Structures are given as structure tokens and as C-alpha cells.
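This is run.pdb. It holds PDB, C-alpha atoms, pLDDT in the B column.
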ATOM      1  CA  MET H   1      87.567 173.805 207.094  1.00 51.00           C
ATOM      2  CA  LYS H   2      89.177 175.071 203.877  1.00 65.00           C
ATOM      3  CA  LYS H   3      89.468 172.394 201.194  1.00 77.00           C
ATOM      4  CA  GLN H   4      93.046 171.518 200.318  1.00 86.00           C
ATOM      5  CA  LEU H   5      93.831 171.938 196.637  1.00 91.00           C
ATOM      6  CA  LYS H   6      95.345 169.042 194.727  1.00 94.00           C
ATOM      7  CA  VAL H   7      96.797 169.255 191.202  1.00 94.00           C
ATOM      8  CA  VAL H   8      98.160 166.422 189.046  1.00 95.00           C
ATOM      9  CA  VAL H   9     101.160 166.970 186.792  1.00 93.00           C
ATOM     10  CA  THR H  10     101.246 164.105 184.311  1.00 93.00           C
ATOM     11  CA  GLY H  11     102.047 163.162 180.716  1.00 90.00           C
ATOM     12  CA  GLY H  12     103.919 160.593 178.666  1.00 81.00           C
ATOM     13  CA  PRO H  13     107.583 159.715 179.320  1.00 76.00           C
ATOM     14  CA  GLY H  14     109.941 162.481 178.196  1.00 71.00           C
ATOM     15  CA  GLY H  15     107.519 165.362 178.670  1.00 75.00           C
ATOM     16  CA  GLY H  16     109.698 167.279 181.126  1.00 77.00           C
ATOM     17  CA  LYS H  17     107.352 166.638 184.027  1.00 82.00           C
ATOM     18  CA  THR H  18     110.081 165.836 186.585  1.00 80.00           C
ATOM     19  CA  THR H  19     112.157 168.902 185.712  1.00 81.00           C
ATOM     20  CA  ALA H  20     109.005 171.033 185.821  1.00 84.00           C
ATOM     21  CA  LEU H  21     108.175 169.761 189.311  1.00 87.00           C
ATOM     22  CA  ASP H  22     111.688 170.615 190.550  1.00 85.00           C
ATOM     23  CA  LEU H  23     111.253 174.154 189.230  1.00 84.00           C
ATOM     24  CA  PHE H  24     107.720 174.450 190.684  1.00 83.00           C
ATOM     25  CA  ARG H  25     109.194 173.493 194.047  1.00 84.00           C
ATOM     26  CA  ARG H  26     111.841 176.209 193.796  1.00 85.00           C
ATOM     27  CA  GLU H  27     109.477 178.871 192.453  1.00 80.00           C
ATOM     28  CA  LEU H  28     106.557 178.264 194.837  1.00 79.00           C
ATOM     29  CA  CYS H  29     108.633 176.958 197.756  1.00 76.00           C
ATOM     30  CA  ASP H  30     106.574 176.866 200.952  1.00 83.00           C
ATOM     31  CA  GLN H  31     103.246 177.238 199.093  1.00 85.00           C
ATOM     32  CA  LEU H  32     103.239 173.673 197.814  1.00 88.00           C
ATOM     33  CA  ALA H  33     104.083 170.094 198.712  1.00 92.00           C
ATOM     34  CA  ILE H  34     105.114 167.618 196.024  1.00 93.00           C
ATOM     35  CA  VAL H  35     103.669 164.101 196.100  1.00 96.00           C
ATOM     36  CA  PRO H  36     106.396 161.849 194.598  1.00 94.00           C
ATOM     37  CA  GLU H  37     105.652 159.488 191.721  1.00 94.00           C
ATOM     38  CA  ALA H  38     104.523 156.149 193.193  1.00 96.00           C
ATOM     39  CA  ALA H  39     105.953 154.075 190.317  1.00 93.00           C
ATOM     40  CA  THR H  40     109.439 155.576 190.790  1.00 92.00           C
ATOM     41  CA  VAL H  41     109.255 154.942 194.556  1.00 94.00           C
ATOM     42  CA  LEU H  42     108.302 151.299 193.880  1.00 95.00           C
ATOM     43  CA  PHE H  43     110.826 150.584 191.100  1.00 92.00           C
ATOM     44  CA  SER H  44     113.635 152.359 192.977  1.00 91.00           C
ATOM     45  CA  GLY H  45     112.930 150.115 195.956  1.00 90.00           C
ATOM     46  CA  GLY H  46     113.884 146.875 194.227  1.00 90.00           C
ATOM     47  CA  ILE H  47     110.741 145.830 192.309  1.00 90.00           C
ATOM     48  CA  THR H  48     111.710 145.083 188.716  1.00 88.00           C
ATOM     49  CA  ARG H  49     109.557 145.579 185.628  1.00 85.00           C
ATOM     50  CA  SER H  50     107.912 142.541 184.065  1.00 87.00           C
ATOM     51  CA  SER H  51     105.822 141.793 180.979  1.00 88.00           C
ATOM     52  CA  ASN H  52     104.061 138.920 182.795  1.00 92.00           C
ATOM     53  CA  GLU H  53     100.358 139.915 182.954  1.00 95.00           C
ATOM     54  CA  PRO H  54      99.585 138.805 186.544  1.00 95.00           C
ATOM     55  CA  VAL H  55     102.775 140.564 187.733  1.00 96.00           C
ATOM     56  CA  LEU H  56     101.884 143.701 185.731  1.00 95.00           C
ATOM     57  CA  LYS H  57      98.476 143.788 187.413  1.00 97.00           C
ATOM     58  CA  ASN H  58     100.005 143.311 190.877  1.00 96.00           C
ATOM     59  CA  VAL H  59     102.487 146.119 190.199  1.00 96.00           C
ATOM     60  CA  GLN H  60      99.766 148.533 189.016  1.00 96.00           C
ATOM     61  CA  LYS H  61      97.565 147.713 192.016  1.00 97.00           C
ATOM     62  CA  ALA H  62     100.550 148.393 194.322  1.00 97.00           C
ATOM     63  CA  ILE H  63     101.262 151.707 192.531  1.00 97.00           C
ATOM     64  CA  PHE H  64      97.585 152.728 192.788  1.00 98.00           C
ATOM     65  CA  SER H  65      97.480 152.056 196.535  1.00 97.00           C
ATOM     66  CA  LEU H  66     100.888 153.664 197.124  1.00 97.00           C
ATOM     67  CA  GLN H  67      99.799 156.779 195.179  1.00 97.00           C
ATOM     68  CA  GLN H  68      96.734 157.192 197.411  1.00 97.00           C
ATOM     69  CA  ASN H  69      98.823 156.777 200.547  1.00 97.00           C
ATOM     70  CA  LEU H  70     101.585 159.153 199.407  1.00 98.00           C
ATOM     71  CA  GLU H  71      98.900 161.789 198.706  1.00 97.00           C
ATOM     72  CA  ASP H  72      97.464 161.251 202.207  1.00 96.00           C
ATOM     73  CA  ILE H  73     100.923 161.508 203.820  1.00 97.00           C
ATOM     74  CA  GLN H  74     101.639 164.877 202.171  1.00 96.00           C
ATOM     75  CA  LYS H  75      98.069 166.090 202.779  1.00 96.00           C
ATOM     76  CA  ASN H  76      98.376 165.440 206.525  1.00 96.00           C
ATOM     77  CA  LYS H  77     101.962 166.656 206.775  1.00 96.00           C
ATOM     78  CA  TYR H  78     101.286 169.916 204.886  1.00 94.00           C
ATOM     79  CA  PRO H  79      97.591 170.746 205.465  1.00 93.00           C
ATOM     80  CA  ASN H  80      97.979 174.393 204.417  1.00 89.00           C
ATOM     81  CA  ARG H  81      99.867 173.805 201.190  1.00 91.00           C
ATOM     82  CA  LEU H  82      98.804 173.102 197.638  1.00 90.00           C
ATOM     83  CA  LEU H  83      99.479 169.433 196.824  1.00 93.00           C
ATOM     84  CA  VAL H  84     101.130 168.879 193.447  1.00 93.00           C
ATOM     85  CA  CYS H  85     101.124 165.207 192.489  1.00 95.00           C
ATOM     86  CA  ASP H  86     103.746 163.664 190.234  1.00 95.00           C
ATOM     87  CA  ARG H  87     101.142 161.577 188.372  1.00 95.00           C
ATOM     88  CA  GLY H  88      97.801 160.494 189.842  1.00 97.00           C
ATOM     89  CA  THR H  89      95.832 157.341 190.568  1.00 97.00           C
ATOM     90  CA  LEU H  90      94.420 157.218 187.020  1.00 97.00           C
ATOM     91  CA  ASP H  91      97.858 156.960 185.373  1.00 96.00           C
ATOM     92  CA  GLY H  92      97.836 153.218 186.087  1.00 95.00           C
ATOM     93  CA  LEU H  93      94.969 152.809 183.653  1.00 95.00           C
ATOM     94  CA  ALA H  94      97.339 153.552 180.726  1.00 94.00           C
ATOM     95  CA  TYR H  95      99.652 150.731 181.870  1.00 93.00           C
ATOM     96  CA  TRP H  96      96.901 148.224 182.720  1.00 96.00           C
ATOM     97  CA  PRO H  97      96.927 145.057 180.552  1.00 94.00           C
ATOM     98  CA  GLY H  98      93.121 144.588 180.769  1.00 92.00           C
ATOM     99  CA  THR H  99      89.998 146.715 180.315  1.00 95.00           C
ATOM    100  CA  GLU H 100      89.128 149.929 182.168  1.00 96.00           C
ATOM    101  CA  GLU H 101      86.272 148.092 183.892  1.00 96.00           C
ATOM    102  CA  ASN H 102      88.671 145.356 185.018  1.00 97.00           C
ATOM    103  CA  PHE H 103      91.137 147.960 186.362  1.00 97.00           C
ATOM    104  CA  PHE H 104      88.493 149.585 188.570  1.00 98.00           C
ATOM    105  CA  GLN H 105      87.226 146.202 189.784  1.00 97.00           C
ATOM    106  CA  GLU H 106      90.764 145.233 190.808  1.00 97.00           C
ATOM    107  CA  VAL H 107      91.509 148.518 192.624  1.00 97.00           C
ATOM    108  CA  ASN H 108      88.001 148.671 194.138  1.00 97.00           C
ATOM    109  CA  SER H 109      87.124 152.108 192.801  1.00 97.00           C
ATOM    110  CA  ASN H 110      85.615 153.834 189.749  1.00 97.00           C
ATOM    111  CA  PHE H 111      86.564 156.593 187.322  1.00 97.00           C
ATOM    112  CA  GLU H 112      84.339 159.222 188.975  1.00 96.00           C
ATOM    113  CA  ASN H 113      85.839 158.663 192.445  1.00 96.00           C
ATOM    114  CA  GLU H 114      89.373 158.983 191.119  1.00 97.00           C
ATOM    115  CA  ILE H 115      88.859 162.020 188.847  1.00 96.00           C
ATOM    116  CA  VAL H 116      87.304 164.075 191.685  1.00 95.00           C
ATOM    117  CA  ARG H 117      90.402 163.492 193.842  1.00 95.00           C
ATOM    118  CA  TYR H 118      92.080 166.246 191.814  1.00 96.00           C
ATOM    119  CA  ASP H 119      91.148 169.906 191.269  1.00 93.00           C
ATOM    120  CA  ALA H 120      93.109 170.260 188.038  1.00 93.00           C
ATOM    121  CA  VAL H 121      95.369 168.326 185.661  1.00 95.00           C
ATOM    122  CA  ILE H 122      98.409 169.768 183.877  1.00 92.00           C
ATOM    123  CA  PHE H 123      99.410 167.453 181.049  1.00 92.00           C
ATOM    124  CA  PHE H 124     102.958 167.697 179.661  1.00 89.00           C
ATOM    125  CA  GLU H 125     102.954 166.023 176.250  1.00 87.00           C
ATOM    126  CA  SER H 126     105.900 163.683 175.610  1.00 79.00           C
ATOM    127  CA  ALA H 127     108.598 164.931 173.251  1.00 67.00           C
ATOM    128  CA  ALA H 128     108.171 161.535 171.547  1.00 58.00           C
ATOM    129  CA  ALA H 129     104.739 162.688 170.282  1.00 58.00           C
ATOM    130  CA  SER H 130     106.492 165.118 167.945  1.00 52.00           C
ATOM    131  CA  GLY H 131     109.327 162.726 167.067  1.00 54.00           C
ATOM    132  CA  HIS H 132     111.955 164.089 169.459  1.00 53.00           C
ATOM    133  CA  ASP H 133     114.434 162.117 171.547  1.00 55.00           C
ATOM    134  CA  ILE H 134     113.267 161.172 175.054  1.00 51.00           C
ATOM    135  CA  SER H 135     116.471 159.706 176.458  1.00 53.00           C
ATOM    136  CA  SER H 136     116.951 160.695 180.084  1.00 51.00           C
ATOM    137  CA  ASN H 137     119.004 159.972 183.156  1.00 45.00           C
ATOM    138  CA  ASN H 138     116.017 158.379 184.929  1.00 46.00           C
ATOM    139  CA  PRO H 139     117.203 154.804 185.662  1.00 46.00           C
ATOM    140  CA  VAL H 140     113.643 153.455 186.084  1.00 48.00           C
ATOM    141  CA  ARG H 141     112.426 154.608 182.676  1.00 52.00           C
ATOM    142  CA  ASN H 142     112.799 152.069 179.866  1.00 57.00           C
ATOM    143  CA  GLU H 143     110.268 153.081 177.181  1.00 60.00           C
ATOM    144  CA  THR H 144     111.247 153.473 173.534  1.00 67.00           C
ATOM    145  CA  SER H 145     110.104 156.644 171.716  1.00 66.00           C
ATOM    146  CA  LYS H 146     107.297 154.652 170.055  1.00 75.00           C
ATOM    147  CA  GLN H 147     106.100 153.245 173.408  1.00 75.00           C
ATOM    148  CA  ALA H 148     106.340 156.720 174.972  1.00 74.00           C
ATOM    149  CA  ALA H 149     104.167 158.237 172.210  1.00 78.00           C
ATOM    150  CA  GLU H 150     101.560 155.453 172.625  1.00 85.00           C
ATOM    151  CA  LEU H 151     101.511 155.885 176.425  1.00 88.00           C
ATOM    152  CA  ASP H 152     101.219 159.635 175.992  1.00 88.00           C
ATOM    153  CA  GLN H 153      98.101 159.207 173.842  1.00 90.00           C
ATOM    154  CA  LYS H 154      96.527 156.749 176.301  1.00 94.00           C
ATOM    155  CA  LEU H 155      97.201 159.130 179.197  1.00 94.00           C
ATOM    156  CA  GLN H 156      95.743 162.058 177.236  1.00 94.00           C
ATOM    157  CA  ASP H 157      92.581 160.045 176.556  1.00 95.00           C
ATOM    158  CA  ILE H 158      92.214 159.321 180.288  1.00 96.00           C
ATOM    159  CA  TRP H 159      93.062 162.698 181.825  1.00 97.00           C
ATOM    160  CA  SER H 160      91.358 164.891 179.199  1.00 96.00           C
ATOM    161  CA  ARG H 161      88.066 163.747 180.749  1.00 96.00           C
ATOM    162  CA  HIS H 162      88.841 165.991 183.752  1.00 97.00           C
ATOM    163  CA  PRO H 163      86.811 169.252 183.720  1.00 94.00           C
ATOM    164  CA  HIS H 164      89.953 171.307 184.506  1.00 93.00           C
ATOM    165  CA  TYR H 165      92.460 169.782 182.084  1.00 95.00           C
ATOM    166  CA  TYR H 166      95.378 171.908 180.842  1.00 92.00           C
ATOM    167  CA  PHE H 167      97.445 170.604 177.924  1.00 90.00           C
ATOM    168  CA  VAL H 168     101.043 171.691 177.310  1.00 85.00           C
ATOM    169  CA  GLY H 169     102.115 170.555 173.835  1.00 83.00           C
ATOM    170  CA  SER H 170     105.550 169.141 173.045  1.00 76.00           C
ATOM    171  CA  SER H 171     106.126 171.765 170.358  1.00 69.00           C
ATOM    172  CA  GLU H 172     106.317 174.450 173.053  1.00 66.00           C
ATOM    173  CA  SER H 173     109.769 175.472 174.242  1.00 74.00           C
ATOM    174  CA  PHE H 174     110.614 173.949 177.600  1.00 77.00           C
ATOM    175  CA  VAL H 175     110.753 177.379 179.254  1.00 82.00           C
ATOM    176  CA  ARG H 176     107.229 178.098 177.958  1.00 82.00           C
ATOM    177  CA  LYS H 177     106.053 174.738 179.274  1.00 80.00           C
ATOM    178  CA  ILE H 178     107.297 175.605 182.756  1.00 80.00           C
ATOM    179  CA  MET H 179     105.843 179.120 182.641  1.00 83.00           C
ATOM    180  CA  PHE H 180     102.503 177.719 181.519  1.00 82.00           C
ATOM    181  CA  GLY H 181     102.579 175.151 184.324  1.00 79.00           C
ATOM    182  CA  ILE H 182     103.281 177.771 187.003  1.00 81.00           C
ATOM    183  CA  MET H 183     100.594 180.069 185.559  1.00 84.00           C
ATOM    184  CA  THR H 184      98.114 177.188 185.591  1.00 83.00           C
ATOM    185  CA  ILE H 185      98.848 176.408 189.243  1.00 81.00           C
ATOM    186  CA  GLU H 186      98.371 180.105 190.090  1.00 82.00           C
ATOM    187  CA  ASN H 187      95.068 180.144 188.149  1.00 84.00           C
ATOM    188  CA  VAL H 188      93.845 177.053 190.035  1.00 81.00           C
ATOM    189  CA  ILE H 189      94.694 178.732 193.372  1.00 79.00           C
ATOM    190  CA  ASN H 190      92.962 181.977 192.323  1.00 82.00           C
ATOM    191  CA  ARG H 191      89.854 180.139 191.091  1.00 81.00           C
ATOM    192  CA  HIS H 192      89.688 178.156 194.336  1.00 75.00           C
ATOM    193  CA  ASN H 193      90.023 181.342 196.439  1.00 75.00           C
ATOM    194  CA  LYS H 194      87.288 183.050 194.403  1.00 80.00           C
ATOM    195  CA  GLU H 195      84.901 180.092 194.776  1.00 77.00           C
ATOM    196  CA  ASN H 196      85.546 180.067 198.521  1.00 70.00           C
ATOM    197  CA  GLY H 197      85.206 183.832 198.907  1.00 67.00           C
ATOM    198  CA  ASN H 198      88.828 184.369 199.979  1.00 63.00           C
TER     199      ASN H 198
END

What does the file become when written as C-alpha cells?
Amino acid sequence: MKKQLKVVVTGGPGGGKTTALDLFRRELCDQLAIVPEAATVLFSGGITRSSNEPVLKNVQKAIFSLQQNLEDIQKNKYPNRLLVCDRGTLDGLAYWPGTEENFFQEVNSNFENEIVRYDAVIFFESAAASGHDISSNNPVRNETSKQAAELDQKLQDIWSRHPHYYFVGSSESFVRKIMFGIMTIENVINRHNKENGN
């Protein structure tokens, strides 16, 4: 059976990731299925943010599990489409209040298992990294520009360990970011087809 391709679109708050995903959906239509962001699903459903460490850990464990299940739902619902994930299971590591080792103990996994879930990573750098405004109409986002830049760096450190990591800098125009993202998805599909002799 042909392996289903799975790509993560991630990055710090204010990187244009959500807008990019909307445009990917329109551009590639019936070729892909979007896996929604687990944190947004959770926070939109009535869970409120907290700075309490035990609560933070519970929230990240719930997001991790929900992310896996959302990926499985879309995988089974659209077996012949490319899965494009709005963030991945490793994003929680940037928000975790403890060590990396502690994170993987708590979610009962390891870095290697999670990184191989995805065939490629497209990282949209936060506008905050280059000192730009990141205000948005997303009601579940509450990071300051400083926090967004710090999160962006943490996320870069995590995801750049993927062998197929594509970085889209914040200095790029937004149109170029989107074009690069679509080109990257097409390259991933072409590489996959080549490796599988299609």
C-alpha cells in the first residue's frame, strides 16, 4: 500500500501559518487534507490558559494526544490525500515547563518516534523575530511579541532536527512565503513519487 504523505506547517505565533494553510487548501483543493491545530481546538472548546505548572503539563499532554488523534482521523477519512498538519506533536515541547526528557516520559514517546511521523516540515518564522507586529484576530492567541520571538526560536531548535526541514524567513514578503510553501509541498510530493517509482 502506498505510504500517505504527511507535512507539518509550523512556526512561532504571527508567522502567517494559518493564512498559508487556507491558501494551500484553495490552491491544492482535493489533493490535500488539513489537520487542524490541536491547541486551537482545545482552547476554543472552553479550556482556558493557565500559568500553573501542573495545569500547563496537563494541557500539553491533552494537546499531544489530540494532535495524534486528529492526524489519524484525517488519515483515515482521506487516505489518498496529502496530510498537511497545522503544527505537529513536537510543538508541545516548546511550551513544556520541564525538560525534553520529562516531556517524552509524560507523553510516553521519544523524539525519534515523533519526528518520523512527518515527511517534511515547513517552518514559517514569526514576524516578531524581525521586530514586526504580530497582532491578529485569533482569539486564542495571547503571546506578546517578545514571547512570540522566544517561542519561535524554541520551535526552530526542535523542528530543524528534521532531515527535510524548510525554513521560510520573516523578512520574505507574505506572497513569497506562500509560494515557497506551495512549492515545498509540490517538491515533497515529487520526491515521494520518485522514491516510490511513480

Exercise for the section: Just the residues within 12 Å of H:Leu42, please, counting all atoms listed in the file, with nothing from its chain fewer than 4 positions along; format it as JSON, numbers by chain. Expected result: {"H": [36, 37, 38, 46, 47, 48, 49, 58, 59, 60, 61, 62, 63, 64, 65, 66, 67, 70, 140]}

Problem - Residues selected by the PyMOL selection byres ((chain H and resi 8) around 8), written as JSON, numbers by chain - result: {"H": [6, 7, 9, 10, 84, 85, 86, 87, 88, 118, 120, 121, 122]}

Completion exercise
Between H:Ile178, H:Leu93, H:Val168, H:Ala148, smallest distance to H:Thr18 by all atoms listed in the file belongs to H:Ile178

Report, as JSON, the axis-aligned box around all atoms of stretch 182-194 of chain H present in the file, extended by 3 Å on each side; give centre and edge lengths in Å to one decimal place.
{"center_x": 95.3, "center_y": 179.7, "center_z": 191.0, "size_x": 22.0, "size_y": 12.6, "size_z": 16.9}

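Among the candidates H:Asn190, H:Gly181, H:Pro163, H:Gln147, the residue lying nearest to H:Asp22 is H:Gly181 (atoms considered: all atoms listed in the file).
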
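The gap separating atom CA of H:His192 from atom CA of H:Ser109 is 26.2 Å, in Å to one decimal.
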
Practice task
Do a neighbour search on H:Phe111 at 10 Å with all atoms listed in the file, toss out local chain neighbours closer than 2 positions, and write the hits as a ChimeraX atom specification.
Solution key: /H:89-90,93,100-101,103-104,109,113-116,158,161

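Closest to H:Ala20 among H:Val188, H:Val55, H:Ala149, H:Ile34 is H:Ile34, based on only C-alpha atoms.
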
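Relative to atom CA of H:Leu151, atom CA of H:Tyr95 is found at 7.7 Å.
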
Completion exercise
One decimal place gives the atom CA of H:Gln105-atom CA of H:Thr40 separation as 24.1 Å

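Applied to the file shown here, the PyMOL selection byres ((chain H and resi 167) around 7) selects Ile122, Phe123, Phe124, Tyr165, Tyr166, Val168 and Gly169 of chain H.
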
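With all atoms listed in the file as the atoms that count, the minimum distance from H:Arg26 to the choices H:Ile182, H:Thr99, H:Val175, H:Asn80 is reached by H:Ile182.
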
Completion exercise
Closest of H:Gln4, H:Val41, H:Gly92, H:Gln156 to H:Asp72, counting only C-alpha atoms, is H:Gln4

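Compared by their closest atoms to H:Arg117, and using all atoms listed in the file, the residues H:Lys154, H:Lys194, H:His162, H:Lys146 rank with H:His162 nearest.
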
Problem - Selection near stretch 30-33 of chain H, 6 Å with all atoms listed in the file, sequence-local residues under 2 positions removed, as a PyMOL selection string - result: chain H and resi 28+81-83
